[in-house]
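Step one of this worksheet: look at the structure below.
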Amino acid sequence: MSLELAKNLYTKMPDVFAKARKKFGRGLTLAEKVLVSHADNFETQTWERGKAMLALRPDRVAMQDATAQMAILQFMQANKKQAAVPSTIHCDHLIRAEMGSEKDLLRAMDENKEVYNFLASAAKKYGIGFWKPGAGIIHQVVLENYAFPGSLIIGTDSHTPNGGGLGGLAIGVGGADAGEVMAGLPWEVLHPKLIGVRLTGKLNGWASPKDVILYLCGLLTVKGGTNKIVEYFGPGAESISATGKGTICNMGAELGATTSVFPFDQKMVAYLNITDRADLANLAIANKSLLVADPEVYQSPEKYYDQIVEVDLSTLEPYVVGPHTPDLARPVSKMAAEAKEKGYPVELKAALIGSCTNSSYEDISRSAHIAKQGMKAGLKAKTPFLVSPGSERIYHTMKRDGFIETFEKMGGTVLSNSCGPCIGQWKRADGVKGKADSIVSSFNRNFPGRNDGINETLSFLASPEVVTAYALSGDLGFDPVNGTLRGADGKEFKLEPPQGEELPAKGFAKGEEGFVAPAENGDAITVDIPSTSERLQLLQPFPRWDGKDFEKLPLLIKTKGKTTTDHISPAGPWLKFRGHLDKISDNMFLGANNAFSSEPGKGTDVLTGESGLTIAQIARRFKVKGIGSIVVGDENYGEGSSREHAAMSPRFLNVKVVLTKSFARIHETNLKKQGILALTFADPKDYEKIEQQDRISVTGLGSLAPGKPVQVAIHKTDGTSLTIQANHSITEQQIAWFKAGSALNALN
Ligand code: MIC
Ligand code: SF4
């Protein structure tokens with residue numbers, strides 16, 4: 001299937017590239033090549049970075065089970081017979097990690113039966129490929145099967161950019177975007193600016209691809225990539241395996257980047273070949289010049305990218321980031337001193353490797369090499385050591401090549417091929433609420449409460465090989481590069497730098513691939529949603545805007561500090577309600593810090609003065625009274641996941657406006673799609689002016705226009721009021737969504 005898509009794409013590329021070179025008066029970067037070749041209409045499209053909205057035609061859509069439910073429920077409202085573009089669903093997020101692979105999977109099949117039946121029946125009916133539970137994590141499966149050089153893929157998950165490891169633009173979106181593209185509409189995104197990252201040298205010793213992105217997180221911060229594409233190039237890029245490139249692109253989500261991409265090269269050829277796509281590899285080789293930037297770009301990159309970063313891989317040290325945010329970075333060699341200075345507990349309570357990004361053959365073989373050295377010295381893991389393989393192929397190859405045995409001998413537990421602990425589906429036996437202790441993983445997120453549901457846990461991230469070394473020492477203060485461990489014989493020894501293979505010499509072993517093809521004709525198939533379901537609920541369209549200004553809205557919550565989508569709509573135990581808007585809305589803001597409450601997730605009903613209520617309880621009270629409310633937020637509000645529940649629940653519970661210092665890209669779009677007015681303080685200092693009992697009016701909405709600030713009046717309890725300005729990035733079309741009550745309403 002990808003072969004046909006690639007053939008058509010490569011055939012039309014030269015013509016559109018020629019037009020683009022003429023129009024822009026210069027050569028094209030790789031990101032631009034992918035964008036222009038997927039334009040809905042190149043001629044009429046405005047091409048202005050950071051300003052224009054692009055209307056693009058993605059090659060495919062990928063959805064994971066926790067977000068697919070809303071995507072499909074919204075798609076169903078469009079009344080189409082079939083998905084208009086090739087699409088797939090992947091069952092990976094809903095499997096709990098408690099008892100090991102087999103038992104966990106069996107239990108998941110049982111407890112998520114309704115959801116899986118719903119997704120499987122919808123997939124069958126609408127021409128969507130279905131990957132069964134246990135088949136693997138979406139991004140790994142997409143890399144193994146669907147991503148190809150030059151492609152544009154959207155996925156209902158923020159780590160979709162993993163596909164950039166195969167030279168395409170793979171972009172995370174909310175479910176509404178996916179639903180619309182499947183309904184045949186073009187996909188809209190702000191024309192990203194470009195960061196060029198020039199890689200020189202070669203990784204060596206302990207340094208791995210993960211360290212490239214951990215280092216960049218520290219350098220650019222979690223906001224540094226917002227509305228930007230990170231394009232890697234340079235001699236160093238060619239030295240990194242395709243899966244390593246995938247890891248770097250995957251975790252580019254933690255920079256807030258729209259996506260990240262590497263130019264087509266021999267490493268991609270090798271990966272395509274070993275994943276049974278030699279035909280695609282040959283086609284890409286024959287079209288290589290289309291799949292990399294134009295030569296003049298590489299000669300003078302500063303003329304083509306908005307920002308340039310240089311990284312010398314030869315001198316890169318292994319990094320560790322955290323706690324609580326992925327941009328708190330330092331080389332592992334500095335961890336001990338910092339832990340001491342900041343009082344981080346150094347005793348590690350768990351070490352976890354794998355996930356959607358770091359379970360490649362290279363990662364696993366290098367980690368196993370470390371594990372073997374430890375065992376040779378008579379050591380075992382000093383902490384629980386959990387391994388999450390990314391896919392069936394990875395799992396069976398690990399098994400065939402003895403890695404599973406190695407990890408199990410070391411005392412590790414191999415979990416099912418799913419997200420598991422990374423998304424909080426983990427029963428941490430020793431975890432205690434209110435107690436801070438440290439864990440380390442090779443995942444890509446470390447927000448408070450993310451893995452074990454305990455907000456105090458300090459979660460650190462590092463490469464899988466470093467995490468394995470930490471597991472052997474049980475000590476965050478251990479420096480795997482320079483430090484020593486004590487063997488069973490009492491003698492001190494140093495670990496050799498990890499060694500592994502990029503790809504399995506014997507090829508990938510295969511298990512049950514777990515793919516179910518859709519029906520040829522789905523007309524007779526009904527989508528399976530039991531009317532009594534506790535897990536699924538058909539969506540009712542949100543009400544239209546009544547044409548009135550928002551007058552004297554009470555403040556629902558003023559979030560303070562980091563407000564990720566994990567804070568707004570926590571996952572873990574709430575994942576089971578991802579298809580039931582009413583039920584999941586009870587989790588709204590449970591993880592958020594309220595400026596007016598010492599307890600996260602709690603607040604005061606400002607109409608009655610009653611405090612200690614959950615934010616959802618307060619919002620439900622307002623809703624019953626027919627009153628809307630406003631949410632005020634801090635910087636980079638909505639960072640992290642693509643989950644649109646973080647926008648749908650507020651909308652469902654009558655939030656009219658979200659006013660923040662700044663937004664993360666996917667969440668801002670999600671808010672707009674659901675008909676919420678997303679505003680930013682023109683002067684961020686005005687955030688300080690908002691007090692708990694204020695009533696806030698947003699006026700002039702009848703003349704809402706792109707680029708035109710709106711007036712926000714803050715009414716104080718003493719009868720005075722002050723007016724501040726708020727900005728927005730709403731386009732003409734998005735004004736129509738706001739008026740219609742949601743993007744979906746505007747469609748119908
Ligand atoms: C994540 O890593 O945060 C998730 C869970 O994969 C989310 C999607 C979700 O919340 O379902 C993401 O990254 O978009
Ligand atoms: Fe799953 Fe974690 Fe990857 Fe998200 S980051 S897709 S939860 S493994």
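Chain lettering (A, B, ...) mirrors the order of the structure tokens, residue numbering begins at 1 for each chain separately, and ligand numbering begins at 1 in order of display.
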message: Around ligand 1, out to 10 Å and counting only C-alpha atoms and all ligand atoms, which residues are there? I want them as number ranges by chain.
response: A: 63-69, 92-94, 137-139, 155-160, 172-175, 250-251, 253-254, 355-356, 419-420, 422-424, 443-447, 450, 564-566, 569-572, 575, 578, 639-646, 666
message: So that I can check the surroundings of Leu143 in chain A, please list as a ChimeraX atom specification every protein, DNA and RNA residue that reaches within 6 Å of it, counting only C-alpha atoms and ignoring chain neighbours fewer than 3 positions away.
response: /A:140,147,163
- prompt: Which residue gives the smallest distance to Gln693 in chain A among A:Thr608, A:Gln425, A:Ser391, A:Thr731, with only C-alpha atoms counted?
  reply: A:Thr608
task: Identify all residues of range 119-332 of chain A in alpha helix (DSSP H) (DSSP on the backbone) and supply them as a ChimeraX atom specification.
output: /A:119-126,138-145,175-182,209-220,242-250,266-274,278-286,295-299
Restricting it to C-alpha atoms, dump the selection as a PDB file, in the first residue's frame.
ATOM      1  CA  LEU A 119     -13.027   0.073  17.370  1.00  0.00           C
ATOM      2  CA  ALA A 120     -12.799  -3.223  15.470  1.00  0.00           C
ATOM      3  CA  SER A 121     -16.344  -2.919  14.106  1.00  0.00           C
ATOM      4  CA  ALA A 122     -15.882   0.723  13.126  1.00  0.00           C
ATOM      5  CA  ALA A 123     -12.560  -0.125  11.462  1.00  0.00           C
ATOM      6  CA  LYS A 124     -14.159  -2.954   9.513  1.00  0.00           C
ATOM      7  CA  LYS A 125     -17.051  -0.791   8.390  1.00  0.00           C
ATOM      8  CA  TYR A 126     -15.137   2.317   7.406  1.00  0.00           C
ATOM      9  CA  ILE A 138       1.387   2.692  17.328  1.00  0.00           C
ATOM     10  CA  HIS A 139       4.631   4.503  16.483  1.00  0.00           C
ATOM     11  CA  GLN A 140       6.734   1.381  16.284  1.00  0.00           C
ATOM     12  CA  VAL A 141       4.130  -0.350  14.110  1.00  0.00           C
ATOM     13  CA  VAL A 142       3.857   2.710  11.857  1.00  0.00           C
ATOM     14  CA  LEU A 143       7.656   2.802  11.478  1.00  0.00           C
ATOM     15  CA  GLU A 144       7.752  -0.903  10.660  1.00  0.00           C
ATOM     16  CA  ASN A 145       4.889  -0.833   8.187  1.00  0.00           C
ATOM     17  CA  GLY A 175      -8.989  13.261  17.086  1.00  0.00           C
ATOM     18  CA  ALA A 176     -11.138  15.910  15.410  1.00  0.00           C
ATOM     19  CA  ASP A 177      -8.359  16.588  12.881  1.00  0.00           C
ATOM     20  CA  ALA A 178      -8.099  12.879  12.146  1.00  0.00           C
ATOM     21  CA  GLY A 179     -11.882  12.579  11.833  1.00  0.00           C
ATOM     22  CA  GLU A 180     -11.995  15.432   9.328  1.00  0.00           C
ATOM     23  CA  VAL A 181      -9.171  14.085   7.191  1.00  0.00           C
ATOM     24  CA  MET A 182     -10.877  10.682   7.144  1.00  0.00           C
ATOM     25  CA  PRO A 209      20.467   8.703  19.816  1.00  0.00           C
ATOM     26  CA  LYS A 210      18.355   9.270  22.929  1.00  0.00           C
ATOM     27  CA  ASP A 211      21.094  11.526  24.267  1.00  0.00           C
ATOM     28  CA  VAL A 212      20.852  13.743  21.199  1.00  0.00           C
ATOM     29  CA  ILE A 213      17.259  14.576  22.001  1.00  0.00           C
ATOM     30  CA  LEU A 214      17.771  14.712  25.773  1.00  0.00           C
ATOM     31  CA  TYR A 215      20.532  17.241  25.172  1.00  0.00           C
ATOM     32  CA  LEU A 216      18.330  19.251  22.801  1.00  0.00           C
ATOM     33  CA  CYS A 217      15.479  19.248  25.323  1.00  0.00           C
ATOM     34  CA  GLY A 218      17.815  20.911  27.804  1.00  0.00           C
ATOM     35  CA  LEU A 219      19.014  23.389  25.186  1.00  0.00           C
ATOM     36  CA  LEU A 220      15.757  24.374  23.517  1.00  0.00           C
ATOM     37  CA  ALA A 242      16.802   4.704  11.249  1.00  0.00           C
ATOM     38  CA  THR A 243      15.349   3.613  14.596  1.00  0.00           C
ATOM     39  CA  GLY A 244      17.748   5.966  16.388  1.00  0.00           C
ATOM     40  CA  LYS A 245      16.495   8.757  14.148  1.00  0.00           C
ATOM     41  CA  GLY A 246      12.968   7.675  15.066  1.00  0.00           C
ATOM     42  CA  THR A 247      13.809   8.057  18.754  1.00  0.00           C
ATOM     43  CA  ILE A 248      15.155  11.565  18.181  1.00  0.00           C
ATOM     44  CA  CYS A 249      12.087  12.603  16.168  1.00  0.00           C
ATOM     45  CA  ASN A 250       9.693  10.920  18.588  1.00  0.00           C
ATOM     46  CA  GLN A 266      21.399   4.416   3.586  1.00  0.00           C
ATOM     47  CA  LYS A 267      20.286   3.731   7.167  1.00  0.00           C
ATOM     48  CA  MET A 268      16.702   4.118   6.034  1.00  0.00           C
ATOM     49  CA  VAL A 269      17.384   1.808   3.101  1.00  0.00           C
ATOM     50  CA  ALA A 270      18.675  -0.830   5.518  1.00  0.00           C
ATOM     51  CA  TYR A 271      15.614  -0.486   7.752  1.00  0.00           C
ATOM     52  CA  LEU A 272      13.161  -0.617   4.837  1.00  0.00           C
ATOM     53  CA  ASN A 273      14.914  -3.713   3.520  1.00  0.00           C
ATOM     54  CA  ILE A 274      14.852  -5.582   6.802  1.00  0.00           C
ATOM     55  CA  ALA A 278      12.916  -3.562  -0.451  1.00  0.00           C
ATOM     56  CA  ASP A 279      10.670  -2.331  -3.274  1.00  0.00           C
ATOM     57  CA  LEU A 280      10.034   0.889  -1.409  1.00  0.00           C
ATOM     58  CA  ALA A 281      13.745   1.225  -0.579  1.00  0.00           C
ATOM     59  CA  ASN A 282      14.666   0.877  -4.260  1.00  0.00           C
ATOM     60  CA  LEU A 283      12.039   3.372  -5.292  1.00  0.00           C
ATOM     61  CA  ALA A 284      13.343   5.866  -2.740  1.00  0.00           C
ATOM     62  CA  ILE A 285      16.947   5.306  -3.891  1.00  0.00           C
ATOM     63  CA  ALA A 286      15.892   6.082  -7.452  1.00  0.00           C
ATOM     64  CA  PRO A 295      22.205  20.963  -2.222  1.00  0.00           C
ATOM     65  CA  GLU A 296      22.342  24.752  -1.716  1.00  0.00           C
ATOM     66  CA  VAL A 297      20.464  24.318   1.576  1.00  0.00           C
ATOM     67  CA  TYR A 298      23.213  22.155   2.997  1.00  0.00           C
ATOM     68  CA  GLN A 299      25.851  24.586   1.714  1.00  0.00           C
TER      69      GLN A 299
END
field: Given only C-alpha atoms as the counted atoms, nearest of A:Val230, A:Leu203, A:Ala381, A:Leu701 to Asp312 in chain A
entry: A:Leu203
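Nearest residue to ligand 2 among A:Val387, A:Leu290, A:Ala20, A:Leu56 is A:Val387, counting only C-alpha atoms and all ligand atoms.
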- prompt: With only C-alpha atoms as the atoms that count, which of A:Leu458, A:Val632, A:Ala705, A:Ala52 lies nearest to Lys689 in chain A?
  reply: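 Result for the nearest residue to Lys689 in chain A: A:Val632.
Distance check against Gln540 in chain A using only C-alpha atoms: of A:Lys382, A:Asn745, A:Arg695, A:Gly603, the minimum falls on A:Asn745.
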task: Name the closest residue to ligand 2 among the candidates A:Val321, A:Lys103, A:Glu111, A:Pro421; distances are taken between atoms, counting only C-alpha atoms and all ligand atoms.
output: A:Pro421
task: Could you give me, as a ChimeraX atom specification, the residues within 9 Å of Lys427 in chain A, counting only C-alpha atoms and dropping anything in the same chain fewer than 6 positions from it?
output: /A:96-98,421,452
- request: Could you find all residues in range 604-728 of chain A that DSSP calls strand (DSSP E or B) from the backbone, and write them as an MDAnalysis selection string?
  value: chainID A and resid 604:605 610:614 629:633 637 639 655:660 663 677:681 695:699 710:715 721:727
- prompt: Which neighbours of Phe550 in chain A fall inside 12 Å, counting only C-alpha atoms, when residues of the same chain fewer than 5 positions from it are skipped, and could you give them as a list in words?
  reply: Trp545, Ile627, Gly628, Ser629, Ile630, Asn654, Val655, Lys656, Val657, Ile676, Leu677, Arg695, Ile696, Ser697, Val698, Thr699, Gly700, Leu701, Gly702, Val710, Gln711, Val712, Ala713 and Ile714 of chain A
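Shell of range 724-730 of chain A at 6 Å, with only C-alpha atoms counted and residues fewer than 2 places along the chain excluded, is Leu679, Thr680, Phe681, Ala682, Pro706, Pro709, Val710, Gln711, Val712 and Gln734 of chain A.
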Would you save the residues of that selection, restricted to N, CA, C and O atoms, as a tab-separated table (two decimals), in the first residue's frame?
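Here's the written file part-v3.tsv:
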chain	number	residue	atom	x	y	z
A	679	LEU	N	-7.50	32.24	24.15
A	679	LEU	CA	-6.91	33.58	24.14
A	679	LEU	C	-5.60	33.59	24.90
A	679	LEU	O	-5.39	32.78	25.81
A	680	THR	N	-4.73	34.54	24.53
A	680	THR	CA	-3.48	34.71	25.30
A	680	THR	C	-3.39	36.17	25.78
A	680	THR	O	-3.82	37.08	25.07
A	681	PHE	N	-2.85	36.34	26.98
A	681	PHE	CA	-2.67	37.69	27.51
A	681	PHE	C	-1.76	38.47	26.57
A	681	PHE	O	-0.65	38.00	26.27
A	682	ALA	N	-2.18	39.67	26.13
A	682	ALA	CA	-1.29	40.50	25.31
A	682	ALA	C	-0.06	40.85	26.15
A	682	ALA	O	1.06	40.84	25.66
A	706	PRO	N	-9.56	37.70	12.51
A	706	PRO	CA	-8.18	37.25	12.60
A	706	PRO	C	-7.24	38.42	12.91
A	706	PRO	O	-7.39	39.50	12.34
A	709	PRO	N	-7.07	41.87	18.38
A	709	PRO	CA	-7.16	41.50	19.80
A	709	PRO	C	-8.58	41.69	20.33
A	709	PRO	O	-9.37	42.44	19.75
A	710	VAL	N	-8.90	41.00	21.43
A	710	VAL	CA	-10.22	41.20	22.05
A	710	VAL	C	-10.02	41.86	23.42
A	710	VAL	O	-8.95	41.77	24.03
A	711	GLN	N	-11.08	42.50	23.88
A	711	GLN	CA	-11.03	43.19	25.18
A	711	GLN	C	-11.53	42.24	26.26
A	711	GLN	O	-12.55	41.58	26.09
A	712	VAL	N	-10.80	42.21	27.35
A	712	VAL	CA	-11.21	41.38	28.48
A	712	VAL	C	-11.37	42.30	29.69
A	712	VAL	O	-10.42	42.98	30.08
A	734	GLN	N	-11.73	29.34	11.59
A	734	GLN	CA	-11.88	28.96	13.00
A	734	GLN	C	-12.95	29.81	13.70
A	734	GLN	O	-13.57	29.37	14.66
- prompt: Could you pull the residues within 8 Å of range 306-309 of chain A, counting only C-alpha atoms, minus those fewer than 2 positions along the same chain, as an NGL selection string?
  reply: :A and (193-198 or 301-304 or 311)
Would you output that residue set with all heavy atoms, as a compact mmCIF listing (two decimals), in the first residue's frame?
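The result, stored in out.txt:
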# COMPACT_ATOMS: atom_id res chain seq x y z
N LYS A 193 7.75 27.25 11.38
CA LYS A 193 9.10 27.75 11.11
C LYS A 193 10.04 26.56 11.12
O LYS A 193 9.62 25.46 11.51
CB LYS A 193 9.50 28.75 12.19
CG LYS A 193 8.66 30.02 12.13
CD LYS A 193 9.30 31.08 13.01
CE LYS A 193 8.55 32.39 12.77
NZ LYS A 193 9.18 33.50 13.44
N LEU A 194 11.30 26.78 10.74
CA LEU A 194 12.21 25.63 10.65
C LEU A 194 13.44 25.81 11.52
O LEU A 194 14.10 26.84 11.47
CB LEU A 194 12.67 25.44 9.20
CG LEU A 194 11.59 25.17 8.15
CD1 LEU A 194 12.24 24.94 6.79
CD2 LEU A 194 10.75 23.96 8.52
N ILE A 195 13.70 24.78 12.32
CA ILE A 195 14.97 24.74 13.05
C ILE A 195 15.85 23.72 12.33
O ILE A 195 15.42 22.57 12.13
CB ILE A 195 14.78 24.26 14.51
CG1 ILE A 195 13.79 25.16 15.28
CG2 ILE A 195 16.12 24.20 15.24
CD1 ILE A 195 13.59 24.76 16.74
N GLY A 196 17.03 24.13 11.93
CA GLY A 196 17.95 23.17 11.30
C GLY A 196 18.94 22.69 12.35
O GLY A 196 19.57 23.51 13.03
N VAL A 197 19.05 21.38 12.50
CA VAL A 197 20.03 20.86 13.45
C VAL A 197 21.12 20.14 12.66
O VAL A 197 20.86 19.13 11.99
CB VAL A 197 19.40 19.91 14.49
CG1 VAL A 197 20.47 19.38 15.44
CG2 VAL A 197 18.31 20.61 15.29
N ARG A 198 22.31 20.70 12.70
CA ARG A 198 23.43 20.13 11.95
C ARG A 198 24.21 19.20 12.85
O ARG A 198 24.74 19.60 13.89
CB ARG A 198 24.32 21.26 11.43
CG ARG A 198 25.43 20.79 10.55
CD ARG A 198 25.98 21.92 9.69
NE ARG A 198 26.99 21.39 8.81
CZ ARG A 198 28.25 21.23 9.17
NH1 ARG A 198 28.65 21.60 10.37
NH2 ARG A 198 29.13 20.71 8.32
N PRO A 301 23.08 26.62 5.23
CA PRO A 301 21.82 26.38 5.94
C PRO A 301 21.24 27.63 6.62
O PRO A 301 20.03 27.77 6.71
CB PRO A 301 22.20 25.33 7.00
CG PRO A 301 23.67 25.20 6.96
CD PRO A 301 24.16 25.76 5.68
N GLU A 302 22.13 28.54 7.02
CA GLU A 302 21.62 29.72 7.74
C GLU A 302 20.66 30.55 6.89
O GLU A 302 19.84 31.28 7.41
CB GLU A 302 22.79 30.57 8.27
CG GLU A 302 23.74 31.21 7.28
CD GLU A 302 24.61 30.23 6.47
OE1 GLU A 302 24.74 29.05 6.85
OE2 GLU A 302 25.14 30.66 5.44
N LYS A 303 20.71 30.37 5.57
CA LYS A 303 19.81 31.13 4.71
C LYS A 303 18.44 30.48 4.61
O LYS A 303 17.50 31.06 4.10
CB LYS A 303 20.40 31.20 3.28
CG LYS A 303 21.61 32.04 3.18
CD LYS A 303 21.87 32.33 1.70
CE LYS A 303 23.24 32.90 1.52
NZ LYS A 303 23.88 32.43 0.29
N TYR A 304 18.35 29.24 5.04
CA TYR A 304 17.11 28.49 4.79
C TYR A 304 16.32 28.16 6.05
O TYR A 304 15.13 27.91 6.00
CB TYR A 304 17.43 27.19 4.04
CG TYR A 304 17.99 27.46 2.67
CD1 TYR A 304 19.35 27.72 2.49
CD2 TYR A 304 17.14 27.52 1.57
CE1 TYR A 304 19.87 28.01 1.24
CE2 TYR A 304 17.64 27.80 0.31
CZ TYR A 304 19.02 28.05 0.16
OH TYR A 304 19.50 28.34 -1.09
N VAL A 311 25.31 20.22 16.71
CA VAL A 311 25.63 19.22 17.74
C VAL A 311 26.77 18.34 17.23
O VAL A 311 26.66 17.73 16.15
CB VAL A 311 24.40 18.32 18.07
CG1 VAL A 311 24.74 17.35 19.20
CG2 VAL A 311 23.18 19.15 18.46
- prompt: Contacts of Ile364 in chain A at 10 Å or less, counting only C-alpha atoms, minus same-chain residues fewer than 4 places along, as a PyMOL selection string?
  reply: chain A and resi 353-354+358-360+368-370+387+389+394+398+403-404+407+464-465+468+500-502
Expected file contents, prior selection, N, CA and C atoms, as an mmCIF file, in the first residue's frame:
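The file below, out-v8.cif, is the result:
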data_model
loop_
_atom_site.group_PDB
_atom_site.id
_atom_site.type_symbol
_atom_site.label_atom_id
_atom_site.label_comp_id
_atom_site.auth_asym_id
_atom_site.auth_seq_id
_atom_site.Cartn_x
_atom_site.Cartn_y
_atom_site.Cartn_z
ATOM 1 N N ILE A 353 12.590 0.124 30.766
ATOM 2 C CA ILE A 353 13.086 0.401 29.408
ATOM 3 C C ILE A 353 12.037 -0.007 28.378
ATOM 4 N N GLY A 354 12.304 0.409 27.139
ATOM 5 C CA GLY A 354 11.371 0.113 26.059
ATOM 6 C C GLY A 354 10.452 1.295 25.843
ATOM 7 N N ASN A 358 11.993 3.621 22.411
ATOM 8 C CA ASN A 358 13.287 3.047 22.751
ATOM 9 C C ASN A 358 13.246 1.546 22.928
ATOM 10 N N SER A 359 12.670 0.843 21.954
ATOM 11 C CA SER A 359 12.728 -0.612 22.069
ATOM 12 C C SER A 359 13.222 -1.209 20.767
ATOM 13 N N SER A 360 14.051 -0.468 20.064
ATOM 14 C CA SER A 360 14.591 -0.989 18.800
ATOM 15 C C SER A 360 15.592 -2.106 19.093
ATOM 16 N N ALA A 368 21.083 -5.139 26.718
ATOM 17 C CA ALA A 368 21.379 -6.517 27.120
ATOM 18 C C ALA A 368 22.888 -6.692 27.363
ATOM 19 N N HIS A 369 23.672 -5.958 26.586
ATOM 20 C CA HIS A 369 25.125 -6.030 26.763
ATOM 21 C C HIS A 369 25.518 -5.523 28.161
ATOM 22 N N ILE A 370 24.847 -4.483 28.597
ATOM 23 C CA ILE A 370 25.105 -3.958 29.950
ATOM 24 C C ILE A 370 24.628 -4.971 30.995
ATOM 25 N N VAL A 387 10.471 -4.163 31.174
ATOM 26 C CA VAL A 387 10.826 -3.990 29.764
ATOM 27 C C VAL A 387 9.545 -3.983 28.929
ATOM 28 N N PRO A 389 8.407 -4.073 25.173
ATOM 29 C CA PRO A 389 8.769 -4.145 23.755
ATOM 30 C C PRO A 389 7.779 -3.326 22.911
ATOM 31 N N ILE A 394 9.521 -6.999 17.443
ATOM 32 C CA ILE A 394 10.604 -6.742 18.394
ATOM 33 C C ILE A 394 10.596 -7.835 19.460
ATOM 34 N N MET A 398 13.588 -10.352 20.113
ATOM 35 C CA MET A 398 14.270 -10.329 21.422
ATOM 36 C C MET A 398 14.321 -11.730 22.002
ATOM 37 N N PHE A 403 17.579 -12.094 24.318
ATOM 38 C CA PHE A 403 17.553 -10.891 25.169
ATOM 39 C C PHE A 403 16.514 -10.991 26.281
ATOM 40 N N ILE A 404 15.401 -11.621 25.968
ATOM 41 C CA ILE A 404 14.357 -11.750 26.996
ATOM 42 C C ILE A 404 14.936 -12.562 28.155
ATOM 43 N N PHE A 407 17.291 -10.433 30.217
ATOM 44 C CA PHE A 407 16.625 -9.478 31.122
ATOM 45 C C PHE A 407 15.933 -10.215 32.269
ATOM 46 N N PRO A 464 18.067 3.699 27.160
ATOM 47 C CA PRO A 464 17.834 2.385 27.756
ATOM 48 C C PRO A 464 19.090 1.750 28.344
ATOM 49 N N GLU A 465 20.242 1.998 27.697
ATOM 50 C CA GLU A 465 21.462 1.378 28.231
ATOM 51 C C GLU A 465 21.856 2.008 29.569
ATOM 52 N N THR A 468 19.516 0.674 32.188
ATOM 53 C CA THR A 468 19.887 -0.688 32.594
ATOM 54 C C THR A 468 21.047 -0.641 33.603
ATOM 55 N N GLY A 500 26.097 -3.046 20.652
ATOM 56 C CA GLY A 500 24.916 -3.746 20.146
ATOM 57 C C GLY A 500 24.888 -3.698 18.637
ATOM 58 N N GLU A 501 23.846 -4.267 18.084
ATOM 59 C CA GLU A 501 23.678 -4.285 16.627
ATOM 60 C C GLU A 501 22.531 -3.363 16.278
ATOM 61 N N GLU A 502 22.685 -2.612 15.183
ATOM 62 C CA GLU A 502 21.581 -1.742 14.769
ATOM 63 C C GLU A 502 20.374 -2.561 14.334
#
- request: Work out how far apart CA of Pro331 in chain A and CA of Ser208 in chain A are and give it in Å to one decimal.
  value: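 One can read the CA of Pro331 in chain A to CA of Ser208 in chain A distance as 12.5 Å.
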